[in-house]
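To start, the structure under review is shown below, and the notes come after it.
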Amino acid sequence: MIENFKLKVFRVVADSLNFRRAAEELHLTQPAITSQIKTLEESLGIALFDRLGRDISLTPAGTTLLEYVRQIEAISNDAIAALAPFGGQEGVELSIGASHTIAVYRLPKLLAELLREWPKLRIHVMGGSTNEVLQALTSHRIGAGLIEAPAFRPDLKIEVFDEDELTLIVRPDHRWAKKPLLKAAELVQESILLREVGSGMRRFVEEYLERNGVLRQQLRTTVDMNSTEGIISAVEAGLGVGFVPCLALEKALKIGSVKAIPLDNGPIRRELSIVLLNGPEPKGPLRQLLEHLRENASVKQQANVEVRADDEVATRVIATNLARAPKHHRGAS
């Protein structure tokens, strides 16, 4: 990266607010990190961190400097990307933020493709909620965000690149396993496994149920999970029925450990969006990654989901999803 080393050390320490973690990330000793920060502060004549015992925090001056360091980092990455056609890829870095489903089920294959094109690329993926991803973007910690929940931010560029469906799953021996269609009102009869309170996925499910006359107070939600994989495992163990993204179901449907049940007045859909800071389109590897996302809509992946030949219900869910899928906009917002 084309960046003053002391500023890079400062940036990493400011991100973690922890000298030990910064030392591990930069492969330096903790005294070396402390020395670099001390030298920077002395050269500027300003304290950048407040130190209270083992805890540190940015001073107002440190916060101001960090904003400029973020800009320097972004410009450095753009410069390196612009030089790539001349053979210079050394030091190219890509930092992106992604919410759970995208980070786990969409990014790995795309990142593998990207690394074939940029073999020296270093990729940093920050997972988190939509709010966490947006905060990281506006503070210049990442170059782009990939989110699952809607966001209304006039100060950012938000482009819907795909859709995902939240699917109701049950065990194969559940009394609903062969049901052709389930009404929302029937869900009050069973324990429902949902993501944690406050998550976007849970909100989508609760809004669907409320539209169909079921209040959240009527639901039997004795177990909350903070991961999609946890919900699938809990359903397989017989703890209840659950809602998970269709993108996460390929393996479970293939081995037949769960069944997907179509919903009356469904399906429950949510948009997947790219979020960028206002300004010119990204260059280099980030631009290529975003183009790959736009070109590889999940409906194409869902068409390849393999299910057991006798799993008529799961096949019907996926076929319905494909039939209703919209045509996606390919351009940048």
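FYI, nothing fancy with the structure tokens labels: chains A, B, ... in order, residues from 1 per chain, ligands from 1 as they appear.
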
I'd like the neighbourhood of A:Leu293 as a list in words, where a residue qualifies if any of its atoms comes within 10 Å (using only C-alpha atoms), though same-chain residues fewer than 3 positions away should be ignored. Arg106, Leu107, Leu110, Leu146, Phe161, Asp162, Ser273, Ile274, Arg287, Gln288, Leu289, Leu290, Asn296, Ala297, Ser298 and Arg330 of chain A

How would the residues just chosen look if you wrote them out with N, CA, C and O atoms as a PDB file, in the first residue's frame?
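Okay, out.pdb is ready:
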ATOM      1  N   ARG A 106     -22.567 -16.096  -0.442  1.00  0.00           N
ATOM      2  CA  ARG A 106     -22.370 -15.498  -1.754  1.00  0.00           C
ATOM      3  C   ARG A 106     -20.918 -15.144  -2.034  1.00  0.00           C
ATOM      4  O   ARG A 106     -20.422 -15.347  -3.138  1.00  0.00           O
ATOM      5  N   LEU A 107     -20.234 -14.602  -1.051  1.00  0.00           N
ATOM      6  CA  LEU A 107     -18.904 -14.053  -1.301  1.00  0.00           C
ATOM      7  C   LEU A 107     -17.812 -15.089  -1.594  1.00  0.00           C
ATOM      8  O   LEU A 107     -16.964 -14.842  -2.457  1.00  0.00           O
ATOM      9  N   LEU A 110     -17.235 -15.888  -5.256  1.00  0.00           N
ATOM     10  CA  LEU A 110     -16.871 -14.690  -6.008  1.00  0.00           C
ATOM     11  C   LEU A 110     -15.457 -14.237  -5.677  1.00  0.00           C
ATOM     12  O   LEU A 110     -14.724 -13.774  -6.544  1.00  0.00           O
ATOM     13  N   LEU A 146     -22.243  -4.702   1.497  1.00  0.00           N
ATOM     14  CA  LEU A 146     -23.228  -5.598   0.893  1.00  0.00           C
ATOM     15  C   LEU A 146     -24.222  -5.961   1.988  1.00  0.00           C
ATOM     16  O   LEU A 146     -23.860  -6.627   2.957  1.00  0.00           O
ATOM     17  N   PHE A 161     -28.977  -5.390  -6.090  1.00  0.00           N
ATOM     18  CA  PHE A 161     -28.368  -6.255  -7.100  1.00  0.00           C
ATOM     19  C   PHE A 161     -29.007  -7.630  -7.150  1.00  0.00           C
ATOM     20  O   PHE A 161     -28.768  -8.399  -8.092  1.00  0.00           O
ATOM     21  N   ASP A 162     -29.848  -7.950  -6.176  1.00  0.00           N
ATOM     22  CA  ASP A 162     -30.440  -9.281  -6.169  1.00  0.00           C
ATOM     23  C   ASP A 162     -31.537  -9.357  -5.108  1.00  0.00           C
ATOM     24  O   ASP A 162     -31.802  -8.383  -4.404  1.00  0.00           O
ATOM     25  N   SER A 273     -28.394  -5.542  -1.422  1.00  0.00           N
ATOM     26  CA  SER A 273     -27.953  -4.272  -2.000  1.00  0.00           C
ATOM     27  C   SER A 273     -26.456  -4.043  -1.854  1.00  0.00           C
ATOM     28  O   SER A 273     -25.835  -4.470  -0.880  1.00  0.00           O
ATOM     29  N   ILE A 274     -25.912  -3.348  -2.842  1.00  0.00           N
ATOM     30  CA  ILE A 274     -24.556  -2.813  -2.788  1.00  0.00           C
ATOM     31  C   ILE A 274     -24.650  -1.387  -2.271  1.00  0.00           C
ATOM     32  O   ILE A 274     -25.497  -0.619  -2.722  1.00  0.00           O
ATOM     33  N   ARG A 287     -14.236  -2.911  -8.250  1.00  0.00           N
ATOM     34  CA  ARG A 287     -15.157  -2.782  -9.382  1.00  0.00           C
ATOM     35  C   ARG A 287     -15.469  -4.150  -9.979  1.00  0.00           C
ATOM     36  O   ARG A 287     -16.624  -4.452 -10.307  1.00  0.00           O
ATOM     37  N   GLN A 288     -14.447  -5.000 -10.130  1.00  0.00           N
ATOM     38  CA  GLN A 288     -14.669  -6.325 -10.689  1.00  0.00           C
ATOM     39  C   GLN A 288     -15.558  -7.170  -9.781  1.00  0.00           C
ATOM     40  O   GLN A 288     -16.423  -7.911 -10.254  1.00  0.00           O
ATOM     41  N   LEU A 289     -15.358  -7.064  -8.472  1.00  0.00           N
ATOM     42  CA  LEU A 289     -16.197  -7.816  -7.540  1.00  0.00           C
ATOM     43  C   LEU A 289     -17.658  -7.397  -7.670  1.00  0.00           C
ATOM     44  O   LEU A 289     -18.557  -8.249  -7.709  1.00  0.00           O
ATOM     45  N   LEU A 290     -17.899  -6.092  -7.747  1.00  0.00           N
ATOM     46  CA  LEU A 290     -19.280  -5.612  -7.868  1.00  0.00           C
ATOM     47  C   LEU A 290     -19.898  -6.070  -9.188  1.00  0.00           C
ATOM     48  O   LEU A 290     -21.087  -6.413  -9.240  1.00  0.00           O
ATOM     49  N   ASN A 296     -24.085 -12.406 -11.241  1.00  0.00           N
ATOM     50  CA  ASN A 296     -24.343 -13.735 -10.662  1.00  0.00           C
ATOM     51  C   ASN A 296     -25.479 -13.663  -9.666  1.00  0.00           C
ATOM     52  O   ASN A 296     -25.312 -13.904  -8.475  1.00  0.00           O
ATOM     53  N   ALA A 297     -26.648 -13.300 -10.136  1.00  0.00           N
ATOM     54  CA  ALA A 297     -27.825 -13.200  -9.267  1.00  0.00           C
ATOM     55  C   ALA A 297     -28.132 -14.551  -8.655  1.00  0.00           C
ATOM     56  O   ALA A 297     -27.892 -15.600  -9.243  1.00  0.00           O
ATOM     57  N   SER A 298     -28.686 -14.516  -7.451  1.00  0.00           N
ATOM     58  CA  SER A 298     -28.952 -15.765  -6.730  1.00  0.00           C
ATOM     59  C   SER A 298     -29.950 -16.643  -7.445  1.00  0.00           C
ATOM     60  O   SER A 298     -29.953 -17.851  -7.282  1.00  0.00           O
ATOM     61  N   ARG A 330     -28.629  -4.050 -14.249  1.00  0.00           N
ATOM     62  CA  ARG A 330     -27.204  -4.361 -14.331  1.00  0.00           C
ATOM     63  C   ARG A 330     -26.322  -3.158 -14.103  1.00  0.00           C
ATOM     64  O   ARG A 330     -25.139  -3.305 -13.872  1.00  0.00           O
TER      65      ARG A 330
END

Residues within 8 Å of stretch 56-63 of chain A, please, as a compact mmCIF listing (two decimals) with N, CA and C atoms, in the first residue's frame. Count only C-alpha atoms; anything in the same chain fewer than 2 positions from it doesn't count.
# COMPACT_ATOMS: atom_id res chain seq x y z
N ALA A 14 -6.06 2.67 15.70
CA ALA A 14 -7.32 3.40 15.85
C ALA A 14 -8.52 2.49 15.58
N LEU A 17 -8.29 -0.07 18.71
CA LEU A 17 -8.13 0.53 20.03
C LEU A 17 -7.47 -0.46 20.98
N ASN A 18 -6.49 -1.18 20.42
CA ASN A 18 -5.80 -2.20 21.21
C ASN A 18 -4.41 -2.41 20.60
N ILE A 46 1.07 16.53 19.06
CA ILE A 46 -0.32 16.37 19.52
C ILE A 46 -0.50 14.94 20.03
N ALA A 47 -1.24 14.78 21.10
CA ALA A 47 -1.62 13.45 21.58
C ALA A 47 -2.76 12.91 20.71
N LEU A 48 -2.59 11.71 20.20
CA LEU A 48 -3.61 11.10 19.34
C LEU A 48 -4.49 10.12 20.09
N PHE A 49 -3.99 9.61 21.22
CA PHE A 49 -4.74 8.64 22.02
C PHE A 49 -4.76 9.07 23.48
N ASP A 50 -5.90 8.83 24.13
CA ASP A 50 -5.97 8.95 25.59
C ASP A 50 -5.72 7.57 26.16
N ARG A 51 -4.84 7.46 27.13
CA ARG A 51 -4.50 6.18 27.72
C ARG A 51 -4.96 6.16 29.17
N LEU A 52 -5.89 5.25 29.46
CA LEU A 52 -6.39 5.07 30.82
C LEU A 52 -6.14 3.62 31.22
N GLY A 53 -5.00 3.39 31.85
CA GLY A 53 -4.64 2.02 32.18
C GLY A 53 -4.37 1.25 30.90
N ARG A 54 -5.06 0.12 30.73
CA ARG A 54 -4.91 -0.68 29.52
C ARG A 54 -5.84 -0.22 28.41
N LEU A 65 -7.46 13.18 12.58
CA LEU A 65 -6.42 12.60 11.75
C LEU A 65 -6.91 11.32 11.07
N LEU A 66 -7.69 10.51 11.79
CA LEU A 66 -8.17 9.25 11.23
C LEU A 66 -9.01 9.48 9.98
N GLU A 67 -9.81 10.53 9.96
CA GLU A 67 -10.63 10.82 8.78
C GLU A 67 -9.74 11.06 7.56

Give me the stretch 93-209 of chain A side of the contact with stretch 231-234 of chain A, cut-off 10 Å, one line per residue showing its nearest atom pair and distance in Å at one decimal, counting only C-alpha atoms, sorted by chain and residue number, as JSON lines.
{"residue": "A:Ile169", "atom": "CA", "partner": "A:Ile232", "partner_atom": "CA", "distance": 8.0}
{"residue": "A:Val170", "atom": "CA", "partner": "A:Ile232", "partner_atom": "CA", "distance": 9.0}
{"residue": "A:Arg171", "atom": "CA", "partner": "A:Ile232", "partner_atom": "CA", "distance": 9.6}
{"residue": "A:Ile192", "atom": "CA", "partner": "A:Ile231", "partner_atom": "CA", "distance": 9.6}
{"residue": "A:Leu193", "atom": "CA", "partner": "A:Ile231", "partner_atom": "CA", "distance": 6.2}
{"residue": "A:Leu194", "atom": "CA", "partner": "A:Ile231", "partner_atom": "CA", "distance": 7.1}
{"residue": "A:Arg195", "atom": "CA", "partner": "A:Ile231", "partner_atom": "CA", "distance": 7.7}

Generate the output file for the selected residues, C-alpha atoms, as a PDB file, in the first residue's frame.
ATOM      1  CA  ILE A 169     -38.219 -25.308   7.076  1.00  0.00           C
ATOM      2  CA  VAL A 170     -39.314 -28.334   9.116  1.00  0.00           C
ATOM      3  CA  ARG A 171     -37.927 -31.778   9.874  1.00  0.00           C
ATOM      4  CA  ILE A 192     -40.693 -20.983  15.795  1.00  0.00           C
ATOM      5  CA  LEU A 193     -36.943 -20.549  15.545  1.00  0.00           C
ATOM      6  CA  LEU A 194     -35.982 -17.036  14.473  1.00  0.00           C
ATOM      7  CA  ARG A 195     -32.903 -14.860  14.392  1.00  0.00           C
TER       8      ARG A 195
END

Please identify which residues in stretch 198-310 of chain A DSSP calls alpha helix (DSSP H) from the backbone, and express them as a PyMOL selection string. chain A and resi 200-211+228-236+250-255+284-295+298-302

Rounded to one decimal in Å, what is the spacing between atom CA of A:Val235 and atom CA of A:Gln217? 21.4 Å

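With only C-alpha atoms as the basis for measurement, A:Ser99 is the residue among A:Ser191, A:Thr222, A:Thr167, A:Ser99 that approaches A:Leu134 most closely.
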
Which one of A:Val214, A:Leu114, A:Val223, A:Val69 sits closest to A:Glu196 if you count only C-alpha atoms? A:Val223

Point out the residue among A:Val160, A:Leu209, A:Val241, A:Ala248 with the least atom-to-atom distance to A:Glu271, counting only C-alpha atoms. A:Val160

Excluding A:Val258 and residues on its chain fewer than 3 positions from it, collect all residues at most 12 Å away from it, counting only C-alpha atoms, and give them as a PyMOL selection string. chain A and resi 167-174+176-178+231-238+240-244+248-255+261+307-308+311+313-314

Output file for the residues above (N, CA and C atoms, as an mmCIF file, in the first residue's frame):
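Written out: part.cif:
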data_model
loop_
_atom_site.group_PDB
_atom_site.id
_atom_site.type_symbol
_atom_site.label_atom_id
_atom_site.label_comp_id
_atom_site.auth_asym_id
_atom_site.auth_seq_id
_atom_site.Cartn_x
_atom_site.Cartn_y
_atom_site.Cartn_z
ATOM 1 N N THR A 167 -37.265 -18.794 3.829
ATOM 2 C CA THR A 167 -38.029 -20.020 3.641
ATOM 3 C C THR A 167 -38.329 -20.689 4.974
ATOM 4 N N LEU A 168 -39.538 -21.212 5.116
ATOM 5 C CA LEU A 168 -39.908 -21.976 6.305
ATOM 6 C C LEU A 168 -39.433 -23.407 6.137
ATOM 7 N N ILE A 169 -38.704 -23.931 7.142
ATOM 8 C CA ILE A 169 -38.219 -25.308 7.076
ATOM 9 C C ILE A 169 -38.704 -26.106 8.285
ATOM 10 N N VAL A 170 -38.901 -27.411 8.059
ATOM 11 C CA VAL A 170 -39.314 -28.334 9.116
ATOM 12 C C VAL A 170 -38.504 -29.618 8.967
ATOM 13 N N ARG A 171 -38.553 -30.453 9.986
ATOM 14 C CA ARG A 171 -37.927 -31.778 9.874
ATOM 15 C C ARG A 171 -38.713 -32.631 8.881
ATOM 16 N N PRO A 172 -38.067 -33.608 8.237
ATOM 17 C CA PRO A 172 -38.775 -34.461 7.278
ATOM 18 C C PRO A 172 -39.922 -35.255 7.901
ATOM 19 N N ASP A 173 -39.850 -35.518 9.217
ATOM 20 C CA ASP A 173 -40.919 -36.285 9.867
ATOM 21 C C ASP A 173 -41.959 -35.386 10.537
ATOM 22 N N HIS A 174 -41.896 -34.087 10.290
ATOM 23 C CA HIS A 174 -42.857 -33.158 10.873
ATOM 24 C C HIS A 174 -44.215 -33.316 10.196
ATOM 25 N N TRP A 176 -46.120 -31.199 9.079
ATOM 26 C CA TRP A 176 -46.319 -30.277 7.962
ATOM 27 C C TRP A 176 -45.454 -30.627 6.749
ATOM 28 N N ALA A 177 -44.641 -31.677 6.848
ATOM 29 C CA ALA A 177 -43.612 -31.932 5.834
ATOM 30 C C ALA A 177 -44.181 -32.103 4.425
ATOM 31 N N LYS A 178 -45.407 -32.617 4.301
ATOM 32 C CA LYS A 178 -45.999 -32.823 2.971
ATOM 33 C C LYS A 178 -47.125 -31.838 2.685
ATOM 34 N N ILE A 231 -30.110 -22.085 13.350
ATOM 35 C CA ILE A 231 -31.533 -22.372 13.143
ATOM 36 C C ILE A 231 -31.701 -23.687 12.394
ATOM 37 N N ILE A 232 -30.905 -23.893 11.344
ATOM 38 C CA ILE A 232 -31.012 -25.150 10.593
ATOM 39 C C ILE A 232 -30.719 -26.343 11.496
ATOM 40 N N SER A 233 -29.663 -26.241 12.297
ATOM 41 C CA SER A 233 -29.322 -27.343 13.206
ATOM 42 C C SER A 233 -30.417 -27.582 14.237
ATOM 43 N N ALA A 234 -31.027 -26.502 14.731
ATOM 44 C CA ALA A 234 -32.091 -26.639 15.730
ATOM 45 C C ALA A 234 -33.319 -27.297 15.131
ATOM 46 N N VAL A 235 -33.649 -26.956 13.891
ATOM 47 C CA VAL A 235 -34.783 -27.614 13.224
ATOM 48 C C VAL A 235 -34.474 -29.096 13.024
ATOM 49 N N GLU A 236 -33.256 -29.409 12.594
ATOM 50 C CA GLU A 236 -32.861 -30.810 12.407
ATOM 51 C C GLU A 236 -32.957 -31.582 13.719
ATOM 52 N N ALA A 237 -32.716 -30.888 14.847
ATOM 53 C CA ALA A 237 -32.769 -31.543 16.161
ATOM 54 C C ALA A 237 -34.182 -31.631 16.715
ATOM 55 N N GLY A 238 -35.151 -31.038 16.018
ATOM 56 C CA GLY A 238 -36.533 -31.127 16.458
ATOM 57 C C GLY A 238 -36.959 -30.084 17.462
ATOM 58 N N GLY A 240 -38.151 -27.160 16.744
ATOM 59 C CA GLY A 240 -39.232 -26.351 16.200
ATOM 60 C C GLY A 240 -39.104 -26.203 14.702
ATOM 61 N N VAL A 241 -39.878 -25.287 14.149
ATOM 62 C CA VAL A 241 -39.775 -24.948 12.732
ATOM 63 C C VAL A 241 -39.027 -23.619 12.638
ATOM 64 N N GLY A 242 -38.439 -23.332 11.492
ATOM 65 C CA GLY A 242 -37.618 -22.127 11.428
ATOM 66 C C GLY A 242 -37.654 -21.437 10.083
ATOM 67 N N PHE A 243 -37.247 -20.175 10.091
ATOM 68 C CA PHE A 243 -37.132 -19.390 8.861
ATOM 69 C C PHE A 243 -35.652 -19.129 8.592
ATOM 70 N N VAL A 244 -35.215 -19.468 7.388
ATOM 71 C CA VAL A 244 -33.820 -19.238 6.997
ATOM 72 C C VAL A 244 -33.778 -18.768 5.546
ATOM 73 N N ALA A 248 -29.134 -20.451 2.011
ATOM 74 C CA ALA A 248 -28.437 -21.279 2.993
ATOM 75 C C ALA A 248 -28.891 -22.733 2.987
ATOM 76 N N LEU A 249 -29.832 -23.085 2.112
ATOM 77 C CA LEU A 249 -30.488 -24.386 2.223
ATOM 78 C C LEU A 249 -29.950 -25.467 1.298
ATOM 79 N N GLU A 250 -29.015 -25.149 0.456
ATOM 80 C CA GLU A 250 -28.597 -26.118 -0.559
ATOM 81 C C GLU A 250 -28.188 -27.457 0.043
ATOM 82 N N LYS A 251 -27.292 -27.453 1.037
ATOM 83 C CA LYS A 251 -26.792 -28.707 1.602
ATOM 84 C C LYS A 251 -27.882 -29.455 2.358
ATOM 85 N N ALA A 252 -28.657 -28.726 3.178
ATOM 86 C CA ALA A 252 -29.684 -29.385 3.993
ATOM 87 C C ALA A 252 -30.759 -30.029 3.124
ATOM 88 N N LEU A 253 -31.149 -29.349 2.034
ATOM 89 C CA LEU A 253 -32.144 -29.934 1.131
ATOM 90 C C LEU A 253 -31.564 -31.121 0.373
ATOM 91 N N LYS A 254 -30.288 -31.022 0.018
ATOM 92 C CA LYS A 254 -29.665 -32.094 -0.756
ATOM 93 C C LYS A 254 -29.610 -33.396 0.038
ATOM 94 N N ILE A 255 -29.284 -33.297 1.326
ATOM 95 C CA ILE A 255 -29.201 -34.519 2.135
ATOM 96 C C ILE A 255 -30.545 -34.898 2.742
ATOM 97 N N ILE A 261 -41.293 -25.534 3.183
ATOM 98 C CA ILE A 261 -42.759 -25.478 3.099
ATOM 99 C C ILE A 261 -43.190 -24.147 2.471
ATOM 100 N N VAL A 307 -31.938 -31.040 -5.093
ATOM 101 C CA VAL A 307 -32.756 -31.569 -4.012
ATOM 102 C C VAL A 307 -33.027 -33.033 -4.306
ATOM 103 N N ARG A 308 -33.436 -33.738 -3.315
ATOM 104 C CA ARG A 308 -33.763 -35.142 -3.500
ATOM 105 C C ARG A 308 -34.916 -35.278 -4.475
ATOM 106 N N ASP A 311 -38.367 -34.985 -3.120
ATOM 107 C CA ASP A 311 -38.683 -33.807 -2.317
ATOM 108 C C ASP A 311 -39.508 -32.833 -3.157
ATOM 109 N N VAL A 313 -41.972 -30.852 -2.352
ATOM 110 C CA VAL A 313 -42.273 -29.558 -1.734
ATOM 111 C C VAL A 313 -41.110 -28.591 -1.937
ATOM 112 N N ALA A 314 -39.895 -29.064 -1.673
ATOM 113 C CA ALA A 314 -38.735 -28.195 -1.855
ATOM 114 C C ALA A 314 -38.597 -27.768 -3.302
#

If we count only C-alpha atoms and set the cut-off at 12 Å, which residues sit around A:Gln218, ignoring sequence neighbours fewer than 6 positions away in its own chain? Please answer as a PyMOL selection string. chain A and resi 184-192+206+209-210

Kindly indicate which residue among A:Glu291, A:Glu24, A:Asp264, A:Asp155 lies nearest to A:Glu113, using only C-alpha atoms for the distances. A:Glu291

Pick out the residues sitting within 8 Å of A:Leu7, and hand them over as a PDB file with N, CA and C atoms, in the first residue's frame; count only C-alpha atoms, and ignore anything fewer than 3 positions along from it in its own chain.
ATOM      1  N   GLU A   3       1.384   4.138   1.454  1.00  0.00           N
ATOM      2  CA  GLU A   3       0.909   4.811   2.663  1.00  0.00           C
ATOM      3  C   GLU A   3       2.073   4.932   3.644  1.00  0.00           C
ATOM      4  N   ASN A   4       2.230   6.083   4.229  1.00  0.00           N
ATOM      5  CA  ASN A   4       3.231   6.283   5.259  1.00  0.00           C
ATOM      6  C   ASN A   4       3.052   5.223   6.348  1.00  0.00           C
ATOM      7  N   PHE A  10      -0.931   3.883  12.896  1.00  0.00           N
ATOM      8  CA  PHE A  10      -1.961   4.672  13.582  1.00  0.00           C
ATOM      9  C   PHE A  10      -3.358   4.189  13.199  1.00  0.00           C
ATOM     10  N   ARG A  11      -3.584   3.964  11.900  1.00  0.00           N
ATOM     11  CA  ARG A  11      -4.906   3.527  11.433  1.00  0.00           C
ATOM     12  C   ARG A  11      -5.304   2.194  12.043  1.00  0.00           C
ATOM     13  N   LEU A  40       5.044   9.365  16.022  1.00  0.00           N
ATOM     14  CA  LEU A  40       4.073  10.141  15.250  1.00  0.00           C
ATOM     15  C   LEU A  40       3.518  11.288  16.084  1.00  0.00           C
ATOM     16  N   VAL A  69      -6.581   9.995   7.227  1.00  0.00           N
ATOM     17  CA  VAL A  69      -5.861   8.760   6.927  1.00  0.00           C
ATOM     18  C   VAL A  69      -6.736   7.819   6.103  1.00  0.00           C
TER      19      VAL A  69
END

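Of the listed residues (A:Gln36, A:Ser95, A:Ser43, A:Asn131), A:Gln36 comes nearest to A:Val13; the distances count only C-alpha atoms.
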
Neighbouring residues of A:Leu156 were defined as those with any atom within 7 Å, considering only C-alpha atoms; residues of the same chain fewer than 6 positions away were excluded. Please report them as a PyMOL selection string. chain A and resi 275-278

Backbone-only DSSP, strand (DSSP E) members of stretch 1-237 of chain A, as a PyMOL selection string: chain A and resi 49-52+55-58+93-98+122-127+144-147+156-170+192-195+224-225
